[in-house]
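Structure below is coords_34.txt: compact mmCIF, C-alpha atoms and all ligand atoms.
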# COMPACT_ATOMS: atom_id res chain seq x y z
CA MET A 12 0.00 0.00 0.00
CA SER A 13 1.58 3.30 -0.93
CA PHE A 14 0.89 6.99 -0.63
CA VAL A 15 2.25 9.51 -3.12
CA TYR A 16 2.76 13.17 -2.23
CA ASN A 17 2.65 15.85 -4.92
CA ALA A 18 3.08 19.41 -3.60
CA ASP A 19 5.75 21.73 -2.22
CA PRO A 20 8.91 19.54 -1.96
CA GLU A 21 10.21 21.23 1.19
CA ARG A 22 6.97 20.65 3.08
CA GLY A 23 7.00 17.14 1.57
CA GLN A 24 9.99 16.32 3.79
CA GLU A 25 7.87 17.14 6.83
CA TRP A 26 5.00 15.03 5.46
CA GLU A 27 7.41 12.14 5.03
CA ARG A 28 8.68 12.50 8.63
CA GLN A 29 5.11 12.54 9.94
CA PHE A 30 4.19 9.46 7.93
CA ALA A 31 7.30 7.63 9.24
CA LEU A 32 6.20 8.51 12.79
CA HIS A 33 2.51 7.73 12.55
CA ALA A 34 2.18 5.25 9.66
CA PRO A 35 5.52 3.41 9.43
CA ASP A 36 3.90 0.58 7.44
CA MET A 37 2.74 2.83 4.63
CA ALA A 38 5.26 3.46 1.84
CA PHE A 39 5.57 7.22 1.25
CA HIS A 40 6.79 8.49 -2.13
CA HIS A 41 7.25 11.86 -3.79
CA TRP A 42 5.73 12.67 -7.17
CA PRO A 43 6.91 12.99 -9.92
CA ALA A 44 10.13 11.24 -8.80
CA TYR A 45 8.27 7.99 -8.01
CA GLU A 46 8.02 5.86 -11.13
CA ASP A 47 5.45 3.23 -10.27
CA PRO A 48 2.01 4.89 -10.29
CA ALA A 49 0.27 1.51 -10.59
CA LYS A 50 1.32 0.79 -6.96
CA VAL A 51 -0.26 3.96 -5.63
CA ARG A 52 -3.47 3.60 -3.61
CA TYR A 53 -3.61 7.08 -2.12
CA LEU A 54 -2.60 10.33 -3.78
CA GLY A 55 -2.11 13.52 -1.76
CA THR A 56 -1.82 16.44 -4.13
CA TRP A 57 -2.26 20.19 -4.29
CA ALA A 58 -2.54 20.36 -8.08
CA PRO A 59 -4.21 17.99 -10.54
CA ILE A 60 -1.96 15.33 -12.07
CA ASN A 61 -1.88 14.62 -15.80
CA ASP A 62 -2.35 11.06 -17.07
CA LEU A 63 -4.31 9.99 -14.02
CA GLU A 64 -5.14 6.74 -15.85
CA ARG A 65 -1.58 5.52 -15.09
CA PHE A 66 -2.64 5.36 -11.41
CA ASN A 67 -4.83 2.38 -12.19
CA ASN A 68 -5.08 1.15 -8.58
CA LEU A 69 -5.83 4.54 -7.11
CA GLU A 70 -8.48 4.50 -4.36
CA VAL A 71 -8.62 8.08 -3.06
CA ILE A 72 -7.32 11.52 -4.06
CA PHE A 73 -6.67 13.81 -1.10
CA SER A 74 -6.50 17.51 -1.91
CA LEU A 75 -3.75 18.93 0.31
CA GLY A 76 -5.66 22.22 0.49
CA ALA A 77 -9.19 23.10 1.61
CA GLY A 78 -10.29 24.17 -1.89
CA VAL A 79 -10.68 21.83 -4.87
CA ASP A 80 -11.45 24.30 -7.66
CA GLN A 81 -8.06 23.52 -9.24
CA PHE A 82 -9.32 20.02 -10.13
CA ASP A 83 -11.42 19.12 -13.14
CA LEU A 84 -13.97 16.97 -11.32
CA ASP A 85 -15.07 15.32 -14.58
CA ALA A 86 -11.50 14.10 -15.21
CA ILE A 87 -11.41 12.11 -11.96
CA PRO A 88 -12.82 8.58 -12.31
CA ARG A 89 -16.23 8.23 -10.61
CA HIS A 90 -15.04 5.42 -8.32
CA VAL A 91 -12.16 7.57 -6.92
CA PRO A 92 -13.41 9.98 -4.24
CA LEU A 93 -11.81 13.43 -4.02
CA VAL A 94 -11.36 14.49 -0.40
CA ARG A 95 -10.52 18.03 0.65
CA MET A 96 -8.34 18.98 3.59
CA GLN A 97 -10.16 19.60 6.84
CA GLU A 98 -7.63 20.01 9.61
CA PRO A 99 -7.10 22.30 12.61
CA GLY A 100 -3.93 23.92 11.24
CA ILE A 101 -5.71 25.42 8.20
CA VAL A 102 -8.48 26.67 10.45
CA ALA A 103 -6.19 28.27 13.06
CA THR A 104 -4.04 30.06 10.50
CA MET A 105 -7.12 31.35 8.65
CA GLN A 106 -8.55 32.66 11.93
CA GLU A 107 -5.27 34.55 12.51
CA TYR A 108 -5.19 36.07 9.03
CA VAL A 109 -8.82 37.20 9.00
CA ALA A 110 -8.45 38.65 12.52
CA MET A 111 -5.38 40.56 11.30
CA ALA A 112 -7.24 41.85 8.22
CA VAL A 113 -10.45 42.74 10.03
CA LEU A 114 -8.64 44.45 12.92
CA GLY A 115 -6.46 46.32 10.42
CA LEU A 116 -9.54 47.58 8.54
CA HIS A 117 -11.45 48.27 11.75
CA ARG A 118 -8.56 50.37 13.15
CA ASP A 119 -7.85 52.09 9.80
CA LEU A 120 -4.34 50.70 9.45
CA LEU A 121 -4.08 51.50 5.72
CA SER A 122 -4.66 55.21 6.47
CA TYR A 123 -2.01 55.24 9.20
CA ILE A 124 0.50 53.47 6.93
CA ALA A 125 -0.13 56.16 4.27
CA GLN A 126 0.10 58.93 6.89
CA GLN A 127 3.38 57.60 8.25
CA ARG A 128 4.89 57.65 4.75
CA GLU A 129 3.96 61.38 4.58
CA SER A 130 5.02 62.10 8.22
CA VAL A 131 1.42 63.08 8.98
CA TRP A 132 0.22 63.02 12.61
CA LYS A 133 -3.57 62.86 12.42
CA THR A 134 -5.93 60.95 14.67
CA ARG A 135 -9.17 59.31 13.63
CA ARG A 136 -12.17 58.40 15.75
CA VAL A 137 -11.64 55.07 17.49
CA ARG A 138 -14.74 52.90 17.89
CA PRO A 139 -15.01 49.58 19.71
CA ALA A 140 -15.37 46.33 17.74
CA SER A 141 -18.91 45.99 19.10
CA GLN A 142 -19.90 48.90 16.81
CA ARG A 143 -18.63 47.11 13.70
CA CYS A 144 -20.43 44.31 11.86
CA VAL A 145 -18.39 41.73 10.00
CA GLY A 146 -20.19 39.53 7.48
CA ILE A 147 -18.74 36.19 6.37
CA LEU A 148 -19.70 34.73 2.99
CA GLY A 149 -19.45 30.98 3.60
CA LEU A 150 -19.99 29.30 6.97
CA GLY A 151 -18.14 26.03 6.40
CA GLN A 152 -15.01 24.67 8.05
CA LEU A 153 -13.28 28.06 7.78
CA GLY A 154 -16.10 30.62 7.71
CA ALA A 155 -17.76 29.24 10.85
CA ALA A 156 -14.48 29.16 12.81
CA VAL A 157 -13.53 32.66 11.62
CA ALA A 158 -16.95 34.02 12.61
CA GLN A 159 -16.65 32.58 16.10
CA HIS A 160 -13.14 33.97 16.48
CA LEU A 161 -14.36 37.44 15.47
CA VAL A 162 -17.22 37.19 17.97
CA ARG A 163 -14.61 36.48 20.67
CA LEU A 164 -12.79 39.65 19.56
CA GLY A 165 -15.97 41.60 20.22
CA PHE A 166 -17.27 42.13 16.66
CA ASN A 167 -20.87 41.87 15.63
CA CYS A 168 -20.92 38.95 13.28
CA ARG A 169 -23.21 37.62 10.61
CA GLY A 170 -22.74 34.86 8.05
CA TRP A 171 -24.23 33.61 4.81
CA SER A 172 -24.36 30.04 3.53
CA ARG A 173 -26.22 28.00 0.95
CA THR A 174 -28.18 25.97 3.50
CA PRO A 175 -29.30 27.24 6.94
CA ARG A 176 -26.66 27.15 9.71
CA GLU A 177 -26.77 27.96 13.40
CA LEU A 178 -23.76 29.42 15.16
CA PRO A 179 -23.71 30.85 18.67
CA GLY A 180 -23.47 34.64 18.59
CA VAL A 181 -23.59 34.81 14.77
CA GLN A 182 -26.63 36.02 12.82
CA CYS A 183 -27.02 33.44 10.07
CA TYR A 184 -28.55 33.96 6.62
CA ALA A 185 -29.02 31.34 3.92
CA GLY A 186 -29.65 31.29 0.20
CA GLU A 187 -29.89 33.82 -2.61
CA GLU A 188 -33.09 35.34 -1.21
CA ALA A 189 -31.34 36.32 2.05
CA LEU A 190 -28.22 37.79 0.46
CA ALA A 191 -29.43 41.40 0.19
CA ASP A 192 -30.49 41.54 3.87
CA PHE A 193 -27.19 40.00 4.88
CA LEU A 194 -25.12 42.47 2.84
CA ALA A 195 -27.04 45.54 4.01
CA GLY A 196 -25.52 45.25 7.49
CA CYS A 197 -21.89 44.36 6.69
CA ASP A 198 -19.26 47.03 7.48
CA ILE A 199 -16.55 44.53 6.62
CA LEU A 200 -17.27 41.66 4.22
CA VAL A 201 -15.09 38.53 4.29
CA CYS A 202 -15.29 36.02 1.41
CA LEU A 203 -14.70 32.41 2.49
CA LEU A 204 -16.72 30.68 -0.19
CA PRO A 205 -15.50 27.82 -2.33
CA LEU A 206 -15.12 28.66 -6.02
CA THR A 207 -17.97 27.01 -7.93
CA ASP A 208 -20.15 27.84 -10.93
CA HIS A 209 -22.50 29.60 -8.48
CA THR A 210 -19.89 31.70 -6.68
CA ARG A 211 -17.55 32.71 -9.53
CA GLY A 212 -17.59 36.50 -9.87
CA ILE A 213 -19.87 36.95 -6.85
CA LEU A 214 -17.79 39.90 -5.57
CA ASN A 215 -19.02 42.29 -8.23
CA ALA A 216 -20.50 45.79 -8.64
CA GLU A 217 -24.05 44.63 -7.91
CA LEU A 218 -22.98 43.03 -4.64
CA PHE A 219 -20.80 45.99 -3.60
CA ALA A 220 -23.76 48.35 -4.18
CA GLN A 221 -25.76 46.42 -1.56
CA LEU A 222 -23.15 47.00 1.18
CA PRO A 223 -23.27 50.11 3.37
CA HIS A 224 -21.39 53.02 1.74
CA GLY A 225 -17.69 52.89 2.72
CA ALA A 226 -17.68 49.18 3.66
CA SER A 227 -14.50 47.17 3.17
CA LEU A 228 -13.66 43.78 1.74
CA VAL A 229 -11.44 40.85 2.71
CA ASN A 230 -11.09 38.22 -0.02
CA VAL A 231 -9.51 34.99 1.21
CA GLY A 232 -11.67 32.70 -0.95
CA ARG A 233 -10.39 32.57 -4.52
CA GLY A 234 -9.29 35.27 -6.95
CA ALA A 235 -12.04 34.36 -9.42
CA HIS A 236 -14.70 35.29 -6.85
CA LEU A 237 -13.74 38.92 -7.46
CA ILE A 238 -14.29 41.09 -10.52
CA ASP A 239 -11.14 43.24 -10.14
CA HIS A 240 -12.49 46.05 -12.30
CA ASP A 241 -15.64 46.33 -10.14
CA LEU A 242 -13.52 46.52 -7.00
CA LEU A 243 -11.39 49.31 -8.48
CA SER A 244 -14.53 51.26 -9.46
CA ALA A 245 -16.07 50.78 -6.00
CA LEU A 246 -12.85 52.02 -4.37
CA GLU A 247 -12.80 54.98 -6.77
CA SER A 248 -16.41 55.97 -5.97
CA GLY A 249 -15.98 55.45 -2.21
CA GLN A 250 -18.66 52.72 -2.13
CA LEU A 251 -15.82 50.58 -0.76
CA SER A 252 -13.17 52.19 1.41
CA ALA A 253 -10.48 49.48 1.46
CA ALA A 254 -9.71 45.86 0.62
CA VAL A 255 -7.42 43.13 1.90
CA LEU A 256 -6.81 40.59 -0.84
CA ASP A 257 -4.96 37.29 -0.44
CA VAL A 258 -6.09 35.57 -3.64
CA PHE A 259 -6.02 36.63 -7.29
CA ALA A 260 -6.82 35.39 -10.78
CA PRO A 261 -4.19 34.81 -12.02
CA GLU A 262 -1.64 34.45 -9.22
CA PRO A 263 0.45 36.51 -9.09
CA PRO A 264 -1.40 39.40 -10.75
CA PRO A 265 0.57 40.90 -13.67
CA ALA A 266 3.17 43.52 -12.66
CA GLU A 267 1.14 46.36 -14.20
CA HIS A 268 -2.08 45.43 -12.35
CA PRO A 269 -3.43 48.54 -10.53
CA LEU A 270 -4.15 46.53 -7.37
CA TRP A 271 -0.40 46.22 -6.66
CA GLN A 272 0.01 49.95 -6.07
CA HIS A 273 -3.46 50.88 -4.87
CA PRO A 274 -3.21 52.88 -1.61
CA ARG A 275 -6.45 51.39 -0.26
CA VAL A 276 -5.49 47.77 -0.94
CA LEU A 277 -3.35 45.42 1.12
CA LEU A 278 -2.22 42.49 -0.99
CA THR A 279 -0.68 39.22 0.26
CA PRO A 280 0.53 36.24 -1.84
CA HIS A 281 -2.07 33.54 -1.02
CA VAL A 282 -0.80 32.93 2.49
CA ALA A 283 -3.96 33.46 4.55
CA SER A 284 -3.76 29.90 5.76
CA MET A 285 -1.67 26.86 5.10
CA THR A 286 -2.09 23.14 5.68
CA GLN A 287 0.08 22.15 8.65
CA PRO A 288 1.68 18.73 8.05
CA GLU A 289 1.73 17.82 11.77
CA SER A 290 -2.05 18.02 12.13
CA ALA A 291 -2.96 17.32 8.48
CA VAL A 292 -1.22 13.92 8.42
CA MET A 293 -3.30 12.79 11.41
CA MET A 294 -6.53 13.80 9.66
CA LEU A 295 -5.45 12.15 6.43
CA LEU A 296 -4.45 8.90 8.16
CA ASP A 297 -7.76 8.88 10.00
CA ASN A 298 -9.52 9.20 6.62
CA ILE A 299 -7.46 6.33 5.19
CA ALA A 300 -8.45 4.20 8.21
CA ARG A 301 -12.10 5.13 7.63
CA HIS A 302 -11.80 4.24 3.96
CA GLN A 303 -10.23 0.88 4.75
CA ALA A 304 -12.96 0.13 7.27
CA GLY A 305 -15.66 1.04 4.74
CA ARG A 306 -16.71 4.10 6.79
CA GLU A 307 -17.45 7.55 5.40
CA MET A 308 -14.40 9.82 5.05
CA VAL A 309 -14.44 13.43 6.28
CA GLY A 310 -14.43 16.08 3.55
CA VAL A 311 -15.51 14.05 0.50
CA ILE A 312 -16.34 16.42 -2.36
CA ASP A 313 -19.89 16.39 -3.63
CA ARG A 314 -19.31 16.56 -7.39
CA GLN A 315 -22.79 17.90 -7.99
CA ARG A 316 -22.28 20.88 -5.65
CA GLY A 317 -18.64 21.34 -6.69
CA TYR A 318 -17.34 21.65 -3.10
P1 LIG A 401 -16.48 24.48 3.19
O1 LIG A 401 -16.89 23.62 2.05
O2 LIG A 401 -16.34 23.86 4.54
O3 LIG A 401 -17.54 25.68 3.35
C1 LIG A 401 -18.06 26.36 2.26
C2 LIG A 401 -19.17 27.30 2.74
O4 LIG A 401 -19.59 28.08 1.63
C3 LIG A 401 -20.39 26.55 3.27
O5 LIG A 401 -20.96 27.22 4.37
C4 LIG A 401 -21.34 26.60 2.07
O6 LIG A 401 -22.72 26.54 2.40
C5 LIG A 401 -21.00 27.96 1.51
N1 LIG A 401 -21.41 28.02 0.10
C6 LIG A 401 -20.97 27.29 -0.95
N2 LIG A 401 -21.61 27.64 -2.08
C7 LIG A 401 -22.49 28.61 -1.73
C8 LIG A 401 -23.46 29.37 -2.44
N3 LIG A 401 -23.67 29.18 -3.75
N4 LIG A 401 -24.19 30.27 -1.75
C9 LIG A 401 -24.02 30.46 -0.43
N5 LIG A 401 -23.11 29.77 0.31
C10 LIG A 401 -22.36 28.86 -0.34
O7 LIG A 401 -15.14 25.23 2.75
P2 LIG A 401 -13.95 25.75 3.68
O8 LIG A 401 -14.55 26.61 4.75
O9 LIG A 401 -13.07 24.66 4.11
O10 LIG A 401 -13.12 26.62 2.63
C11 LIG A 401 -13.71 27.69 1.93
C12 LIG A 401 -12.78 28.19 0.86
O11 LIG A 401 -11.71 28.95 1.43
C13 LIG A 401 -12.03 27.12 0.05
O12 LIG A 401 -12.87 26.53 -0.91
C14 LIG A 401 -10.93 27.93 -0.56
O13 LIG A 401 -11.37 28.50 -1.76
C15 LIG A 401 -10.68 29.04 0.47
N6 LIG A 401 -9.37 28.88 1.12
C16 LIG A 401 -8.44 29.87 1.01
C17 LIG A 401 -7.21 29.76 1.61
C18 LIG A 401 -6.21 30.87 1.54
O14 LIG A 401 -5.09 30.70 2.03
N7 LIG A 401 -6.53 32.02 1.00
C19 LIG A 401 -6.84 28.57 2.37
C20 LIG A 401 -7.89 27.59 2.47
C21 LIG A 401 -9.11 27.75 1.86
P3 LIG A 401 -23.34 25.25 3.13
O15 LIG A 401 -22.85 25.38 4.58
O16 LIG A 401 -24.80 25.42 3.03
O17 LIG A 401 -22.80 24.05 2.44
Would you mind writing the file's structure down as structure tokens?
Amino acid sequence: MSFVYNADPERGQEWERQFALHAPDMAFHHWPAYEDPAKVRYLGTWAPINDLERFNNLEVIFSLGAGVDQFDLDAIPRHVPLVRMQEPGIVATMQEYVAMAVLGLHRDLLSYIAQQRESVWKTRRVRPASQRCVGILGLGQLGAAVAQHLVRLGFNCRGWSRTPRELPGVQCYAGEEALADFLAGCDILVCLLPLTDHTRGILNAELFAQLPHGASLVNVGRGAHLIDHDLLSALESGQLSAAVLDVFAPEPPPAEHPLWQHPRVLLTPHVASMTQPESAVMMLLDNIARHQAGREMVGVIDRQRGY
């Protein structure tokens, strides 16, 4: 029985160490160096692999990230489940990043950075977090945990999902019909949706117009959720006051892209959260044990929904 790893080679060394510690009986190989795909039962990969038919004994594909939009679901044989990464390390690092972004927007950090560059000493009204409402698009593994973290920081929090959710201290909205009500109260909007046919381009002019004037945006979902041009127009008109963007389409954005230099935009290179091998290996091995015992794995992608 063998497992093949196909992602960042440096982190692959840590994955290999963790496998040696916790699953010494399972052969661990690195792709594309490993030359015997027919022996592979489990594939852990960030990106899709070409010629998947060579892996003719493959039983499960594990996405090493939480999102699976990089995969062509139709190209994966029906009998091979695709499982996304659900593990505490991704959640904890996403909570940190969104807290950083939301606190930075809440306390007007972009203005103070600009002022410092100009040696300007000018104070702005400070309000407590309890007077700010943060709305989270997506209340799954990440959105729900982020919302609860923001509640602990004192923010008013609301969330939007496809099906109804209940979260302590979070006002929950569900479905297209509730989107306008949800948006109307969001001072800061955080996108933590998966990228699907239904969510592509959702961060657009029509949506921005439904936010309170001067709201701000944090996009940690996927770059293709956002229509860049609509964001630039909303920043220009003042409908949006600032944005923190971690994801882009394409990544990185071209050197001449106006978002790079925009004074009201903080841009990071897709680092909001990262799978942590120490905790991820335990989740993955638990899923392999479930699969071998004929039990349901955690995080199996519903191909119909696309997430
Ligand atoms: P989950 O699948 O656990 O949660 C997705 C949430 O989005 C669910 O609440 C779901 O609703 C909701 N949703 C999906 N489609 C719709 C829709 N059409 N309308 C309304 N709500 C919808 O995903 P995760 O929380 O694990 O991850 C979310 C995304 O975060 C990933 O897909 C990835 O794109 C991104 N990500 C970004 C990272 C970064 O570093 N920037 C790192 C990791 C992930 P319901 O609850 O009803 O199913």
#### Entry: Within-8 Å residues of ligand LIG 401 (chain A), basis all atoms listed in the file, as a PyMOL selection string
chain A and resi 76-80+95-97+101+105+148-155+171-176+185-187+202-207+209-210+230-233+257-258+281-286+316+318
### Message
What's the separation between atom CA of A:Leu243 and atom CA of A:Pro261, in Å to one decimal place?
### Response
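Separation between atom CA of A:Leu243 and atom CA of A:Pro261: 16.6 Å.
Candidate residues A:Val145, A:Ala216, A:Ile299, A:Ala156 were compared for distance to A:Gln182, and the nearest is A:Val145, using only C-alpha atoms.
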Do you know which residues lie at most 6 Å from (-16.5, 38.2, 3.7), with coordinates as in the file and all atoms listed in the file counted, and could you write them as a PDB file with C-alpha atoms, in the coordinates of the input?
ATOM      1  CA  GLY A 146     -20.190  39.530   7.480  1.00  0.00           C
ATOM      2  CA  ILE A 147     -18.740  36.190   6.370  1.00  0.00           C
ATOM      3  CA  LEU A 148     -19.700  34.730   2.990  1.00  0.00           C
ATOM      4  CA  LEU A 200     -17.270  41.660   4.220  1.00  0.00           C
ATOM      5  CA  VAL A 201     -15.090  38.530   4.290  1.00  0.00           C
ATOM      6  CA  CYS A 202     -15.290  36.020   1.410  1.00  0.00           C
ATOM      7  CA  VAL A 229     -11.440  40.850   2.710  1.00  0.00           C
TER       8      VAL A 229
END
### Task
Mind giving me the straight-line distance from atom CA of A:Ala260 to atom CA of A:Ile60 in Å, one decimal?
20.7 Å
### Message
For a quick check of understanding, using only C-alpha atoms, which of A:Asn61, A:Thr104, A:Ser122, A:Ser13 has the smallest distance to A:His41?
### Response
A:Ser13
### Query
Which neighbours of A:Asp241 fall inside 9 Å, counting all atoms listed in the file, when residues of the same chain fewer than 4 positions from it are skipped, and could you give them as a list in words?
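Answer for this query is Leu214, Asn215, Ala216, Glu217, Phe219, Leu237, Ala245 and Leu246 of chain A.
The spacing separating atom CA of A:Ala18 from atom CA of A:Thr56 amounts to 5.8 Å.
Near A:Ala253, within 8 Å and counting only C-alpha atoms, sit Leu116, Leu121, Ala226, Ser227, Leu228, Leu246, Arg275 and Val276 of chain A, not including residues fewer than 3 positions from it in the same chain.
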### Query
Which is closest to A:His273 among A:Ala34, A:Ala58, A:Ser244, A:Ala110, if we use all atoms listed in the file?
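Once distances to A:His273 are computed over all atoms listed in the file, the minimum belongs to A:Ser244.
Using all atoms listed in the file, the nearest neighbour of A:Leu295 within the list A:Asp198, A:Glu25, A:Glu98, A:Asp119 is A:Glu98.
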### Query
Which neighbours of stretch 128-139 of chain A fall inside 9 Å, counting all atoms listed in the file, when residues of the same chain fewer than 6 positions from it are skipped, and could you give them as a PyMOL selection string?
chain A and resi 117-119+165-166
### Query
Using all atoms listed in the file, which residue out of A:Ala191, A:Leu75, A:Val255, A:Leu93 lies closest to A:Ser290?
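Among the listed residues, the smallest separation from A:Ser290 belongs to A:Leu75.
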### Message
(-2.5, 1.1, 7.0) in this file's frame - what residues fall within 9 Å of it? Use only C-alpha atoms and give the answer as a PyMOL selection string.
### Response
chain A and resi 12+34-37+296+299-300+303
